[in-house]
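Containing compact mmCIF, C-alpha atoms: data_18.txt.
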```txt
# COMPACT_ATOMS: atom_id res chain seq x y z
CA MET A 1248 -8.41 35.48 -6.99
CA ILE A 1249 -8.19 34.19 -3.41
CA ASN A 1250 -11.57 33.60 -1.81
CA LYS A 1251 -11.16 34.09 1.95
CA LYS A 1252 -14.75 33.04 2.64
CA GLU A 1253 -14.16 29.74 0.86
CA ILE A 1254 -11.06 29.11 2.96
CA GLN A 1255 -12.99 29.87 6.15
CA ASP A 1256 -15.76 27.49 5.08
CA GLN A 1257 -13.16 24.74 4.57
CA ILE A 1258 -11.77 25.41 8.06
CA ILE A 1259 -15.26 25.02 9.53
CA GLN A 1260 -15.75 21.79 7.63
CA ALA A 1261 -12.40 20.40 8.83
CA VAL A 1262 -13.15 21.20 12.48
CA GLU A 1263 -16.65 19.73 12.34
CA THR A 1264 -15.48 16.58 10.55
CA VAL A 1265 -12.78 15.90 13.15
CA LYS A 1266 -15.16 16.42 16.07
CA ARG A 1267 -17.69 14.11 14.45
CA GLU A 1268 -15.35 11.32 13.31
CA ASN A 1269 -12.68 11.28 16.07
CA PRO A 1270 -9.89 10.21 13.64
CA MET A 1271 -6.94 8.18 14.92
CA VAL A 1272 -3.54 9.76 14.40
CA GLY A 1273 -0.30 7.90 15.02
CA SER A 1274 2.63 9.88 16.40
CA ILE A 1275 6.35 9.25 16.75
CA THR A 1276 7.27 12.28 18.76
CA ASN A 1277 9.44 14.10 21.25
CA THR A 1278 9.73 12.36 24.63
CA VAL A 1279 9.85 15.73 26.38
CA THR A 1280 6.43 16.76 25.07
CA ILE A 1281 4.62 13.51 24.26
CA ASN A 1282 1.94 14.00 26.94
CA PHE A 1283 1.12 17.51 25.75
CA VAL A 1284 0.98 16.39 22.11
CA ALA A 1285 -1.49 13.59 22.92
CA ASN A 1286 -3.68 15.83 25.09
CA ALA A 1287 -3.84 18.53 22.42
CA GLN A 1288 -4.83 15.96 19.78
CA LEU A 1289 -7.58 14.70 22.08
CA ALA A 1290 -8.75 18.24 22.89
CA VAL A 1291 -9.49 19.09 19.26
CA GLY A 1292 -11.33 15.82 18.67
CA GLY A 1293 -8.70 13.37 17.52
CA SER A 1294 -7.60 10.02 18.90
CA ALA A 1295 -3.91 9.80 19.85
CA ALA A 1296 -1.57 6.80 19.53
CA MET A 1297 2.12 7.19 20.39
CA VAL A 1298 4.76 4.64 19.32
CA TYR A 1299 8.52 4.18 18.84
CA LEU A 1300 9.12 0.64 17.52
CA PRO A 1301 9.51 0.13 13.74
CA ASP A 1302 6.80 -2.52 13.37
CA GLU A 1303 4.33 -0.58 15.50
CA GLY A 1304 5.07 2.58 13.53
CA GLU A 1305 4.42 0.69 10.28
CA PHE A 1306 1.15 -0.68 11.67
CA LEU A 1307 -0.08 2.77 12.71
CA ALA A 1308 1.02 4.31 9.41
CA LYS A 1309 -1.37 1.92 7.68
CA ALA A 1310 -4.16 2.07 10.26
CA SER A 1311 -4.22 5.78 11.09
CA GLY A 1312 -5.86 8.58 9.16
CA ALA A 1313 -2.58 10.52 9.36
CA THR A 1314 0.80 10.32 11.10
CA TYR A 1315 2.95 12.86 12.94
CA ILE A 1316 6.75 12.51 12.99
CA ASN A 1317 8.75 14.76 15.30
CA VAL A 1318 12.53 14.21 15.41
CA GLY A 1319 13.14 15.85 18.79
CA THR A 1320 14.94 13.87 21.55
CA PHE A 1321 16.40 11.47 19.02
CA ILE A 1322 16.92 7.84 19.99
CA PRO A 1323 19.04 5.34 17.97
CA LEU A 1324 15.99 3.17 17.24
CA TYR A 1325 14.67 5.95 15.00
CA GLU A 1326 17.31 5.02 12.42
CA GLN A 1327 15.09 2.02 11.69
CA THR A 1328 11.67 3.37 12.58
CA LEU A 1329 11.49 6.69 10.78
CA PRO A 1330 12.56 5.72 7.22
CA ARG A 1331 10.35 2.62 7.30
CA VAL A 1332 7.31 4.59 8.44
CA ALA A 1333 7.92 7.49 6.04
CA LYS A 1334 8.29 5.06 3.13
CA ILE A 1335 4.96 3.39 3.90
CA LEU A 1336 3.21 6.74 4.27
CA HIS A 1337 4.58 7.97 0.95
CA GLU A 1338 3.74 4.79 -0.94
CA ALA A 1339 0.24 4.59 0.56
CA ARG A 1340 -0.29 8.33 -0.05
CA LYS A 1341 -1.27 8.75 3.57
CA PRO A 1342 -1.01 12.28 5.00
CA TRP A 1343 1.87 12.87 7.38
CA VAL A 1344 3.34 15.83 9.21
CA LEU A 1345 7.06 16.38 9.75
CA ASP A 1346 8.47 18.56 12.53
CA PRO A 1347 12.23 18.89 11.80
CA VAL A 1348 13.17 19.80 15.36
CA ALA A 1349 16.76 20.99 15.79
CA VAL A 1350 17.65 20.17 12.18
CA GLY A 1351 21.40 20.32 11.63
CA ILE A 1352 22.66 19.52 15.16
CA GLY A 1353 23.66 15.87 14.70
CA SER A 1354 24.75 13.45 11.98
CA LEU A 1355 21.94 10.87 12.38
CA ARG A 1356 19.25 13.54 12.62
CA THR A 1357 20.69 15.24 9.53
CA GLN A 1358 20.92 11.96 7.61
CA LEU A 1359 17.29 10.99 8.28
CA LEU A 1360 15.92 14.46 7.58
CA ARG A 1361 17.79 14.46 4.27
CA GLU A 1362 16.24 11.08 3.47
CA PHE A 1363 12.75 12.45 4.13
CA LYS A 1364 13.04 14.66 1.05
CA LYS A 1365 12.08 11.79 -1.26
CA TYR A 1366 9.10 10.84 0.91
CA LYS A 1367 7.56 14.32 0.58
CA PRO A 1368 5.83 15.12 3.88
CA THR A 1369 2.25 16.33 3.49
CA VAL A 1370 2.83 19.19 5.92
CA ILE A 1371 6.09 20.50 7.38
CA ARG A 1372 5.79 22.50 10.60
CA GLY A 1373 8.65 24.26 12.29
CA ASN A 1374 10.05 27.55 13.47
CA ALA A 1375 11.74 29.87 11.01
CA SER A 1376 15.28 28.60 11.63
CA GLU A 1377 14.18 24.98 11.18
CA ILE A 1378 12.37 25.75 7.92
CA LEU A 1379 15.38 27.65 6.57
CA ALA A 1380 17.74 24.84 7.57
CA LEU A 1381 15.54 22.07 6.12
CA ALA A 1382 15.23 23.88 2.79
CA GLY A 1383 19.01 24.24 2.79
CA LEU A 1384 19.52 20.57 3.61
CA TRP A 1385 17.24 19.65 0.71
CA GLY A 1386 18.99 22.05 -1.65
CA LEU A 1387 15.93 24.22 -2.19
CA GLU A 1388 15.59 27.93 -2.86
CA GLY A 1389 15.63 30.20 0.18
CA GLY A 1390 17.35 27.68 2.42
CA THR A 1391 20.49 28.27 4.48
CA ALA A 1392 23.68 26.22 4.26
CA LEU A 1393 24.21 26.34 8.02
CA SER A 1394 21.59 25.80 10.70
CA ASN A 1395 20.79 28.78 12.93
CA VAL A 1396 18.73 26.61 15.26
CA ARG A 1397 19.48 27.18 18.94
CA GLY A 1398 18.26 23.98 20.57
CA VAL A 1399 14.56 24.04 19.76
CA ASP A 1400 14.42 27.83 19.47
CA SER A 1401 14.45 30.00 16.37
CA THR A 1402 16.97 32.76 15.75
CA ASN A 1403 15.30 33.86 12.50
CA SER A 1404 12.08 35.78 11.76
CA VAL A 1405 9.05 34.18 10.13
CA THR A 1406 9.26 36.52 7.13
CA ALA A 1407 12.91 35.51 6.58
CA ALA A 1408 11.69 31.94 6.03
CA LYS A 1409 8.95 32.79 3.52
CA ALA A 1410 10.91 31.87 0.38
CA ALA A 1411 12.14 28.64 1.98
CA ALA A 1412 8.61 27.72 3.07
CA VAL A 1413 7.24 28.32 -0.42
CA ALA A 1414 10.04 26.23 -1.96
CA LEU A 1415 9.43 23.36 0.46
CA ALA A 1416 5.68 23.42 -0.23
CA LYS A 1417 6.25 23.38 -3.98
CA TRP A 1418 8.64 20.44 -3.65
CA THR A 1419 6.32 18.33 -1.51
CA GLY A 1420 3.07 19.39 -3.16
CA GLY A 1421 1.73 19.93 0.35
CA ALA A 1422 1.95 22.78 2.85
CA VAL A 1423 4.39 24.39 5.27
CA ALA A 1424 3.59 26.13 8.55
CA VAL A 1425 6.18 28.48 10.06
CA SER A 1426 5.55 29.29 13.70
CA GLY A 1427 6.40 32.68 15.18
CA LYS A 1428 4.86 35.83 16.59
CA THR A 1429 2.72 35.88 13.45
CA ASP A 1430 2.45 32.45 11.86
CA LEU A 1431 2.94 31.84 8.15
CA ILE A 1432 1.22 29.01 6.27
CA THR A 1433 1.70 28.30 2.57
CA ASP A 1434 0.93 25.70 -0.09
CA GLY A 1435 3.43 27.23 -2.49
CA SER A 1436 0.89 29.40 -4.31
CA VAL A 1437 -0.95 31.07 -1.43
CA VAL A 1438 0.50 32.47 1.79
CA ALA A 1439 -1.64 32.99 4.88
CA PHE A 1440 -0.72 34.90 8.04
CA SER A 1441 -2.48 33.83 11.23
CA HIS A 1442 -2.56 36.12 14.28
CA GLY A 1443 -3.05 35.59 17.98
CA GLY A 1444 -1.40 33.26 20.43
CA ALA A 1445 0.19 34.12 23.76
CA HIS A 1446 3.58 35.05 25.13
CA PHE A 1447 3.25 32.08 27.51
CA MET A 1448 3.63 29.76 24.51
CA GLY A 1449 7.30 30.62 24.53
CA GLU A 1450 7.54 29.81 28.25
CA ILE A 1451 6.26 26.24 28.14
CA THR A 1452 7.61 23.19 26.36
CA GLY A 1453 5.51 21.54 23.69
CA ALA A 1454 3.57 24.37 22.07
CA GLY A 1455 5.19 23.74 18.69
CA CYS A 1456 5.32 19.95 19.01
CA SER A 1457 1.66 19.71 19.96
CA LEU A 1458 0.73 22.04 17.11
CA GLY A 1459 2.34 19.59 14.69
CA GLY A 1460 0.31 16.80 16.23
CA VAL A 1461 -2.90 18.79 15.81
CA VAL A 1462 -2.04 19.56 12.17
CA ALA A 1463 -1.95 15.79 11.64
CA VAL A 1464 -5.42 15.47 13.18
CA TYR A 1465 -6.86 17.99 10.71
CA ALA A 1466 -4.90 16.41 7.85
CA THR A 1467 -7.29 13.46 8.11
CA ALA A 1468 -10.17 15.72 7.12
CA SER A 1469 -8.86 18.39 4.74
CA SER A 1470 -6.19 19.49 2.29
CA PRO A 1471 -2.64 20.02 3.64
CA PHE A 1472 -3.02 23.82 3.49
CA ILE A 1473 -6.37 23.85 5.32
CA ALA A 1474 -5.08 21.36 7.90
CA ALA A 1475 -2.06 23.55 8.70
CA LEU A 1476 -4.14 26.72 8.70
CA THR A 1477 -6.90 25.26 10.88
CA ALA A 1478 -4.47 23.95 13.48
CA THR A 1479 -2.60 27.24 13.58
CA ALA A 1480 -5.84 29.21 13.90
CA VAL A 1481 -7.17 27.14 16.79
CA TYR A 1482 -3.81 27.48 18.55
CA ASN A 1483 -3.79 31.24 18.14
CA LEU A 1484 -7.41 31.50 19.28
CA ALA A 1485 -6.94 29.22 22.30
CA GLY A 1486 -3.70 30.97 23.25
CA THR A 1487 -5.33 34.40 23.15
CA ARG A 1488 -8.27 33.24 25.25
CA ALA A 1489 -6.19 31.28 27.76
CA GLU A 1490 -3.74 34.12 28.42
CA LYS A 1491 -6.58 36.39 29.54
CA LYS A 1492 -7.53 33.95 32.30
CA VAL A 1493 -4.17 33.04 33.87
CA ASP A 1494 -1.07 34.65 35.31
CA GLY A 1495 1.62 32.00 34.81
CA PRO A 1496 2.85 29.28 32.43
CA GLY A 1497 1.72 26.36 34.59
CA SER A 1498 -1.91 27.39 34.70
CA PHE A 1499 -1.66 28.48 31.06
CA GLN A 1500 -1.03 24.91 29.88
CA ILE A 1501 -4.20 23.69 31.58
CA GLN A 1502 -6.32 26.61 30.41
CA PHE A 1503 -4.91 26.33 26.89
CA LEU A 1504 -6.06 22.71 26.59
CA ASP A 1505 -9.50 23.74 27.85
CA GLU A 1506 -9.71 26.48 25.23
CA LEU A 1507 -8.63 24.06 22.46
CA TYR A 1508 -11.48 21.81 23.55
CA LYS A 1509 -14.06 24.60 23.73
CA ALA A 1510 -13.22 26.46 20.51
CA SER A 1511 -16.08 26.41 18.00
CA ALA A 1512 -15.58 25.85 14.27
CA VAL A 1513 -16.90 29.32 13.45
CA ASP A 1514 -14.64 31.03 15.99
CA ILE A 1515 -11.61 29.16 14.65
CA ALA A 1516 -12.45 30.17 11.07
CA ASN A 1517 -12.88 33.79 12.15
CA ASN A 1518 -9.55 34.05 13.97
CA PRO A 1519 -7.62 37.00 12.42
CA LEU A 1520 -6.21 35.92 9.08
CA GLU A 1521 -4.58 37.54 6.05
CA ILE A 1522 -4.12 35.81 2.70
CA GLU A 1523 -2.00 36.71 -0.30
CA GLU A 1524 -0.81 35.07 -3.50
CA VAL A 1525 2.84 34.10 -3.79
```
Would you mind writing the file's structure down as structure tokens?
Amino acid sequence: MINKKEIQDQIIQAVETVKRENPMVGSITNTVTINFVANAQLAVGGSAAMVYLPDEGEFLAKASGATYINVGTFIPLYEQTLPRVAKILHEARKPWVLDPVAVGIGSLRTQLLREFKKYKPTVIRGNASEILALAGLWGLEGGTALSNVRGVDSTNSVTAAKAAAVALAKWTGGAVAVSGKTDLITDGSVVAFSHGGAHFMGEITGAGCSLGGVVAVYATASSPFIAALTATAVYNLAGTRAEKKVDGPGSFQIQFLDELYKASAVDIANNPLEIEEV
């Protein structure tokens, strides 16, 4: 039987540990959103380090508590950097988060995302279309043969990606977070639905990318499932609170970071949540 109180206690512990220990997280991430990713990681209590070069990525993979890899705004150098970093993370059993942005739109991106299958990311975070396409690329149940990704946007519903998310989590032994109006988080045996957020999240760039970066922060202090759930909960809580105080996307970004910073462990754990067995 699922014990919701136990899950909430683990969320509280993860938040408090991060705020106390200020863990360093290395990120190889989207150039469009790199500033927002770093600021979000700092706001929740982490320490951010952003790199591109293969040797620096390898160094951070070893030195950091966790690593975030986001394949948006692809650059040719990633053909060297990403496999080398993912290999080290897998061999060292270090937690890492993969955001398969725009999976399926280019040959190099597709090749490297296919290669990541053997390195088993600790947490995969994406929108529904990305999760469906990645499961398809990896030949897993629930995946789609063709990508329905439209740039960085999803054309599929979160519930449509449930089977693919469960299959991905079972393959990696970690967790998958599917972002949408209601977010879905699973470890392959349990599925959680996290509520909240703001419509402004769809009107700024970096909400999803920065969420992946924050998942990596919490992955230094908890299980993959709790890390993904905690990050999603604090995003939904901060989004709900920020939207009540602003009237546009520009001011929302600033207020959102403030609310990430101010959110208490108990409030994050008590953000509306439903849990069911697979």
Study note, to complete from the structure: Correct to one decimal, the distance atom CA of Leu1520 of chain A-atom CA of His1442 of chain A is 6.4 Å
Review point. Val1350 of chain A: which residues within 9 Å, counting all atoms listed in the file, same-chain residues fewer than 6 positions away excluded, as a PyMOL selection string?
Key: chain A and resi 1318+1356-1357+1360+1376-1378+1380-1381+1384+1394+1396
May I have the residues from that selection written out with C-alpha atoms, as a PDB file, in the frame of the given file?
```
ATOM      1  CA  VAL A1318      12.530  14.210  15.410  1.00  0.00           C
ATOM      2  CA  ARG A1356      19.250  13.540  12.620  1.00  0.00           C
ATOM      3  CA  THR A1357      20.690  15.240   9.530  1.00  0.00           C
ATOM      4  CA  LEU A1360      15.920  14.460   7.580  1.00  0.00           C
ATOM      5  CA  SER A1376      15.280  28.600  11.630  1.00  0.00           C
ATOM      6  CA  GLU A1377      14.180  24.980  11.180  1.00  0.00           C
ATOM      7  CA  ILE A1378      12.370  25.750   7.920  1.00  0.00           C
ATOM      8  CA  ALA A1380      17.740  24.840   7.570  1.00  0.00           C
ATOM      9  CA  LEU A1381      15.540  22.070   6.120  1.00  0.00           C
ATOM     10  CA  LEU A1384      19.520  20.570   3.610  1.00  0.00           C
ATOM     11  CA  SER A1394      21.590  25.800  10.700  1.00  0.00           C
ATOM     12  CA  VAL A1396      18.730  26.610  15.260  1.00  0.00           C
TER      13      VAL A1396
END
```
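Distances to Ala1382 of chain A were evaluated for A:Tyr1366, A:Ser1441, A:Lys1417, A:Arg1340 using all atoms listed in the file, and the minimum falls at A:Lys1417.
Polymer residues near (-0.1, 10.5, 18.9): counting only C-alpha atoms with a cut-off of 7 Å, they are Val1272, Gly1273, Ser1274, Ile1275, Val1284, Ala1285, Ala1295, Ala1296, Met1297 and Gly1460 of chain A.
Close contacts of Glu1523 of chain A, defined as residues with an atom at most 7 Å away when counting only C-alpha atoms, with chain neighbours fewer than 2 positions off set aside, comprise Val1437, Val1438, Ala1439, Glu1521 and Val1525 of chain A.
The smallest atom-to-atom distance between Lys1428 of chain A and any of A:Thr1264, A:Thr1452, A:Thr1467, A:Thr1406, using all atoms listed in the file, is found for A:Thr1406.
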**Study point:** Interatomic distance, atom CA of Ala1463 of chain A to atom CA of Val1423 of chain A (Å, one decimal)
**Key:** 12.4 Å
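Closest to Phe1472 of chain A among A:Ser1511, A:Thr1369, A:Thr1391, A:Gln1288 is A:Thr1369, based on all atoms listed in the file.
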Review point. Counting all atoms listed in the file, which of A:Ala1489, A:Ala1313, A:Ala1478, A:Ile1352 gets nearest to Ile1259 of chain A?
Key: A:Ala1478
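Here atom CA of Asn1374 of chain A is placed at a distance of 18.6 Å from atom CA of Trp1418 of chain A.
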Centre and size of axis-aligned box enclosing segment 1457-1462 of chain A plus 5 Å each side, as lines of an AutoDock Vina configuration file:
```
center_x = -0.3
center_y = 19.4
center_z = 16.1
size_x = 15.2
size_y = 15.2
size_z = 17.8
```
